[in-house]
Amino acid sequence: MNDRCDSCGDEGTSYATVQRIYIRYDDHGRPTGEFPADEFETWCAVCCTIYPHELVQPD
Ligand SMILES: [Zn+2]
């Protein structure tokens with residue numbers, strides 16, 4: 001696991017492994033759905049409260 005946040009780059013003490021959730025839009029800018037990113041990221045607690053994501057549970 002990283003020692004800094006992949007999203008904002010801050011160093012901290014509490015991290016979570018997440019999959020970022022992207023929102024898909026149509027040609028008119030209206031949200032039509034959402035889909036998860038292909039890779040896992042390490043996020044700080046602040047980013048986890050701001051950005052849509054799914055928590056990845058370690059085995
Ligand atoms: Zn962060």
# chains A, B, ... in the order shown; residues from 1 in each chain; ligands from 1
>>> select_by_dssp(residues="chain A", states="strand (DSSP E)", output="list in words")
Tyr15, Ala16, Thr17, Val18, Gln19, Arg20, Ile21, Tyr22, Ile23, Arg24, Tyr25, Pro31, Thr32, Gly33, Glu34, Phe35, Pro36, Glu41, Thr42, Trp43, Cys44, His53, Glu54 and Leu55 of chain A
>>> closest_atom_pairs(of="chain A", to="ligand 1", cutoff="7 Å", atoms="only C-alpha atoms and all ligand atoms", output="tab-separated table")
residue	atom	partner	partner_atom_place_in_ligand_line	distance
A:Cys5	CA	ligand 1	1 (Zn)	4.7
A:Asp6	CA	ligand 1	1 (Zn)	6.6
A:Ser7	CA	ligand 1	1 (Zn)	5.0
A:Cys8	CA	ligand 1	1 (Zn)	4.1
A:Gly9	CA	ligand 1	1 (Zn)	6.1
A:Asp10	CA	ligand 1	1 (Zn)	5.8
A:Trp43	CA	ligand 1	1 (Zn)	5.1
A:Cys44	CA	ligand 1	1 (Zn)	4.2
A:Ala45	CA	ligand 1	1 (Zn)	6.7
A:Val46	CA	ligand 1	1 (Zn)	5.6
A:Cys47	CA	ligand 1	1 (Zn)	4.3
>>> write_last_selection(atoms="C-alpha atoms", output="PDB file, in the first residue's frame")
ATOM      1  CA  CYS A   5      -2.964   9.410  -1.481  1.00  0.00           C
ATOM      2  CA  ASP A   6      -3.236   8.595  -5.201  1.00  0.00           C
ATOM      3  CA  SER A   7      -5.962  11.185  -5.615  1.00  0.00           C
ATOM      4  CA  CYS A   8      -4.673  14.341  -3.884  1.00  0.00           C
ATOM      5  CA  GLY A   9      -1.055  13.315  -3.170  1.00  0.00           C
ATOM      6  CA  ASP A  10      -1.262  14.115   0.516  1.00  0.00           C
ATOM      7  CA  TRP A  43      -7.027   7.218  -1.066  1.00  0.00           C
ATOM      8  CA  CYS A  44      -6.917   9.267   2.100  1.00  0.00           C
ATOM      9  CA  ALA A  45      -9.973   9.654   4.304  1.00  0.00           C
ATOM     10  CA  VAL A  46     -10.708  13.123   2.900  1.00  0.00           C
ATOM     11  CA  CYS A  47     -10.879  11.947  -0.721  1.00  0.00           C
TER      12      CYS A  47
END
>>> residues_around(residues="A:Ile23", least_positions_apart="4", cutoff="12 Å", atoms="only C-alpha atoms", output="mmCIF file with C-alpha atoms, in the first residue's frame")
data_model
loop_
_atom_site.group_PDB
_atom_site.id
_atom_site.type_symbol
_atom_site.label_atom_id
_atom_site.label_comp_id
_atom_site.auth_asym_id
_atom_site.auth_seq_id
_atom_site.Cartn_x
_atom_site.Cartn_y
_atom_site.Cartn_z
ATOM 1 C CA GLY A 29 -24.252 16.280 -20.396
ATOM 2 C CA ARG A 30 -26.846 14.248 -18.558
ATOM 3 C CA PRO A 31 -25.588 11.391 -16.391
ATOM 4 C CA THR A 32 -26.534 8.032 -17.877
ATOM 5 C CA GLY A 33 -24.731 5.682 -15.520
ATOM 6 C CA GLU A 34 -21.542 5.005 -13.675
ATOM 7 C CA PHE A 35 -18.709 2.536 -14.007
ATOM 8 C CA PRO A 36 -15.689 1.633 -11.869
ATOM 9 C CA ALA A 37 -12.094 2.326 -12.839
ATOM 10 C CA TYR A 51 -15.301 11.448 -4.523
ATOM 11 C CA PRO A 52 -17.501 8.540 -5.584
ATOM 12 C CA HIS A 53 -15.780 5.204 -5.134
#
>>> atom_distance(atom1="atom CA of A:Asp59", atom2="atom CA of A:Glu39")
16.4 Å
>>> residues_around(residues="A:Thr49", least_positions_apart="6", cutoff="12 Å", atoms="only C-alpha atoms", output="list in words")
Tyr15, Ala16, Val18, Trp43 and Leu55 of chain A
>>> atom_distance(atom1="atom CA of A:Gly12", atom2="atom CA of A:Val56")
18.9 Å
>>> select_by_dssp(residues="stretch 17-50 of chain A", states="alpha helix (DSSP H)", output="list in words")
Ala45, Val46, Cys47, Cys48, Thr49 and Ile50 of chain A
>>> write_last_selection(atoms="N, CA and C atoms", output="JSON list (two decimals), in the first residue's frame")
[["chain", "number", "residue", "atom", "x", "y", "z"],
["A", 45, "ALA", "N", -8.60, 9.59, 3.79],
["A", 45, "ALA", "CA", -9.97, 9.65, 4.30],
["A", 45, "ALA", "C", -10.74, 10.83, 3.70],
["A", 46, "VAL", "N", -10.04, 11.94, 3.44],
["A", 46, "VAL", "CA", -10.71, 13.12, 2.90],
["A", 46, "VAL", "C", -11.26, 12.83, 1.51],
["A", 47, "CYS", "N", -10.42, 12.26, 0.64],
["A", 47, "CYS", "CA", -10.88, 11.95, -0.72],
["A", 47, "CYS", "C", -12.02, 10.93, -0.70],
["A", 48, "CYS", "N", -11.99, 10.02, 0.27],
["A", 48, "CYS", "CA", -13.06, 9.03, 0.36],
["A", 48, "CYS", "C", -14.39, 9.67, 0.71],
["A", 49, "THR", "N", -14.37, 10.84, 1.32],
["A", 49, "THR", "CA", -15.62, 11.51, 1.64],
["A", 49, "THR", "C", -16.09, 12.40, 0.50],
["A", 50, "ILE", "N", -15.18, 12.76, -0.43],
["A", 50, "ILE", "CA", -15.51, 13.72, -1.48],
["A", 50, "ILE", "C", -15.91, 13.02, -2.77]]
>>> atom_distance(atom1="atom CA of A:Tyr22", atom2="atom CA of A:Pro58")
21.9 Å
>>> decode(residues="stretch 11-46 of chain A", atoms="C-alpha atoms", output="compact mmCIF listing (two decimals), in the first residue's frame")
# COMPACT_ATOMS: atom_id res chain seq x y z
CA GLU A 11 0.61 12.09 3.08
CA GLY A 12 -1.45 10.88 5.99
CA THR A 13 -2.06 8.08 8.38
CA SER A 14 -5.34 6.55 7.28
CA TYR A 15 -5.85 5.09 3.81
CA ALA A 16 -8.32 2.93 2.03
CA THR A 17 -7.98 0.87 -1.14
CA VAL A 18 -10.72 1.94 -3.51
CA GLN A 19 -11.95 1.75 -7.06
CA ARG A 20 -12.84 5.19 -8.37
CA ILE A 21 -16.34 5.45 -9.82
CA TYR A 22 -16.67 7.40 -13.05
CA ILE A 23 -19.94 8.97 -14.13
CA ARG A 24 -20.91 8.49 -17.78
CA TYR A 25 -22.71 11.32 -19.60
CA ASP A 26 -24.68 11.50 -22.81
CA ASP A 27 -24.20 14.15 -25.54
CA HIS A 28 -26.32 16.57 -23.54
CA GLY A 29 -24.25 16.28 -20.40
CA ARG A 30 -26.85 14.25 -18.56
CA PRO A 31 -25.59 11.39 -16.39
CA THR A 32 -26.53 8.03 -17.88
CA GLY A 33 -24.73 5.68 -15.52
CA GLU A 34 -21.54 5.00 -13.68
CA PHE A 35 -18.71 2.54 -14.01
CA PRO A 36 -15.69 1.63 -11.87
CA ALA A 37 -12.09 2.33 -12.84
CA ASP A 38 -9.92 -0.57 -14.06
CA GLU A 39 -7.37 -0.25 -11.29
CA PHE A 40 -7.26 0.14 -7.54
CA GLU A 41 -6.08 3.33 -5.91
CA THR A 42 -5.05 4.29 -2.40
CA TRP A 43 -7.03 7.22 -1.07
CA CYS A 44 -6.92 9.27 2.10
CA ALA A 45 -9.97 9.65 4.30
CA VAL A 46 -10.71 13.12 2.90
